Amino acid sequence: MISELPLLAVVDDDADVRVALTRLVSSAGFAVETFVSGAAFLQSIEDHEPDCVLLDLHMPEASGFDIQEALATRHAAVPIVIITGHDSPESRARALRQGAKGYLCKPVDD
């Protein structure tokens with residue numbers, strides 16, 4: 001019997017970051033699905049829910065906070081790890097207050 005790898009969703013508008021994070025988490029034994037926007041991610045989650053989400057805070061159209069709030073109302077059990085290149089004590093506090101399980105600053109080293 002073949003077991004499926006845990007699925008991790010990477011939501012980031014920066015293609016280089018998506019590639020780097022895919023390489024990093026794949027090497028740790030995860031299946032990875034990437035999304036260029038929060039809207040694309042939210043559409044896909046209706047079909048299959050990931051085991052964890054790496055979510056960028058600063059994206060066009062909808063911020064990571066917006067996506068985090070949408071997930072909390074629809075899929076509260078999905079763990080979220082925030083990733084950001086614009087760290088601030090306020091952002092960190094808000095992300096954790098809204099239920100993020102982790103908060104990482106870019107660049108994330110492998």
# chains A, B, ... in the order shown; residues from 1 in each chain; ligands from 1
$ select_by_dssp --residues "stretch 10-108 of chain A" --states "strand (DSSP E)" --output "list of chain:residue names"
A:Val10, A:Val11, A:Ala31, A:Val32, A:Glu33, A:Thr34, A:Phe35, A:Cys52, A:Val53, A:Leu54, A:Leu55, A:Asp56, A:Ile80, A:Val81, A:Ile82, A:Ile83, A:Thr84, A:Gly102, A:Tyr103, A:Leu104, A:Cys105
$ select_by_dssp --residues "stretch 9-53 of chain A" --states "alpha helix (DSSP H)" --output "ChimeraX atom specification"
/A:15-27,38-45
$ write_last_selection --atoms "N, CA and C atoms" --output "compact mmCIF listing (two decimals), in the first residue's frame"
# COMPACT_ATOMS: atom_id res chain seq x y z
N ALA A 15 7.65 34.22 -8.29
CA ALA A 15 7.96 32.91 -8.89
C ALA A 15 9.23 32.31 -8.31
N ASP A 16 10.25 33.13 -8.08
CA ASP A 16 11.51 32.61 -7.53
C ASP A 16 11.30 32.03 -6.13
N VAL A 17 10.48 32.68 -5.34
CA VAL A 17 10.18 32.17 -3.99
C VAL A 17 9.42 30.85 -4.08
N ARG A 18 8.46 30.78 -4.98
CA ARG A 18 7.70 29.53 -5.14
C ARG A 18 8.63 28.37 -5.53
N VAL A 19 9.55 28.62 -6.44
CA VAL A 19 10.49 27.58 -6.86
C VAL A 19 11.38 27.16 -5.70
N ALA A 20 11.93 28.13 -4.98
CA ALA A 20 12.83 27.82 -3.86
C ALA A 20 12.11 27.06 -2.75
N LEU A 21 10.90 27.50 -2.41
CA LEU A 21 10.16 26.81 -1.35
C LEU A 21 9.72 25.42 -1.79
N THR A 22 9.38 25.27 -3.05
CA THR A 22 9.02 23.94 -3.56
C THR A 22 10.20 22.99 -3.41
N ARG A 23 11.37 23.44 -3.80
CA ARG A 23 12.58 22.61 -3.67
C ARG A 23 12.84 22.25 -2.20
N LEU A 24 12.70 23.24 -1.33
CA LEU A 24 12.97 23.03 0.09
C LEU A 24 12.01 22.03 0.72
N VAL A 25 10.71 22.25 0.54
CA VAL A 25 9.75 21.37 1.21
C VAL A 25 9.63 20.00 0.53
N SER A 26 9.90 19.93 -0.76
CA SER A 26 9.92 18.63 -1.43
C SER A 26 11.04 17.76 -0.87
N SER A 27 12.19 18.38 -0.61
CA SER A 27 13.31 17.62 -0.07
C SER A 27 13.04 17.15 1.35
N GLY A 38 -3.69 34.48 -3.76
CA GLY A 38 -4.60 33.96 -2.76
C GLY A 38 -5.91 33.50 -3.36
N ALA A 39 -6.38 34.22 -4.37
CA ALA A 39 -7.65 33.86 -5.02
C ALA A 39 -7.55 32.48 -5.68
N ALA A 40 -6.45 32.23 -6.37
CA ALA A 40 -6.26 30.92 -7.00
C ALA A 40 -6.21 29.82 -5.95
N PHE A 41 -5.56 30.09 -4.85
CA PHE A 41 -5.50 29.10 -3.77
C PHE A 41 -6.88 28.83 -3.19
N LEU A 42 -7.63 29.88 -2.90
CA LEU A 42 -8.96 29.70 -2.31
C LEU A 42 -9.89 28.92 -3.23
N GLN A 43 -9.75 29.11 -4.55
CA GLN A 43 -10.56 28.34 -5.49
C GLN A 43 -10.20 26.86 -5.43
N SER A 44 -8.93 26.56 -5.32
CA SER A 44 -8.49 25.16 -5.34
C SER A 44 -8.82 24.42 -4.06
N ILE A 45 -8.87 25.12 -2.95
CA ILE A 45 -9.06 24.45 -1.66
C ILE A 45 -10.44 23.82 -1.54
$ residues_around --residues "A:Gln98" --least-positions-apart "4" --cutoff "8 Å" --atoms "only C-alpha atoms" --output "PyMOL selection string"
chain A and resi 68-69+94
$ residues_around --residues "A:Tyr103" --least-positions-apart "3" --cutoff "10 Å" --atoms "only C-alpha atoms" --output "PDB file with C-alpha atoms, in the first residue's frame"
ATOM      1  CA  LEU A  54       2.915  28.559   3.463  1.00  0.00           C
ATOM      2  CA  LEU A  55       1.326  31.954   2.908  1.00  0.00           C
ATOM      3  CA  ASP A  56       3.024  35.187   1.821  1.00  0.00           C
ATOM      4  CA  ILE A  80      -0.850  28.230   8.242  1.00  0.00           C
ATOM      5  CA  VAL A  81       2.766  29.361   8.298  1.00  0.00           C
ATOM      6  CA  ILE A  82       3.212  32.991   7.286  1.00  0.00           C
ATOM      7  CA  ILE A  83       6.235  33.977   5.200  1.00  0.00           C
ATOM      8  CA  THR A  84       7.181  37.596   4.624  1.00  0.00           C
ATOM      9  CA  ASP A  87       8.797  41.713   8.924  1.00  0.00           C
ATOM     10  CA  SER A  91       2.585  41.832  11.380  1.00  0.00           C
ATOM     11  CA  ARG A  92       4.049  39.036  13.471  1.00  0.00           C
ATOM     12  CA  ALA A  93       1.594  39.679  16.317  1.00  0.00           C
ATOM     13  CA  ALA A  95      -0.483  36.714  12.098  1.00  0.00           C
ATOM     14  CA  LEU A  96      -0.128  34.741  15.307  1.00  0.00           C
ATOM     15  CA  ALA A 100      -0.821  31.198  12.256  1.00  0.00           C
TER      16      ALA A 100
END
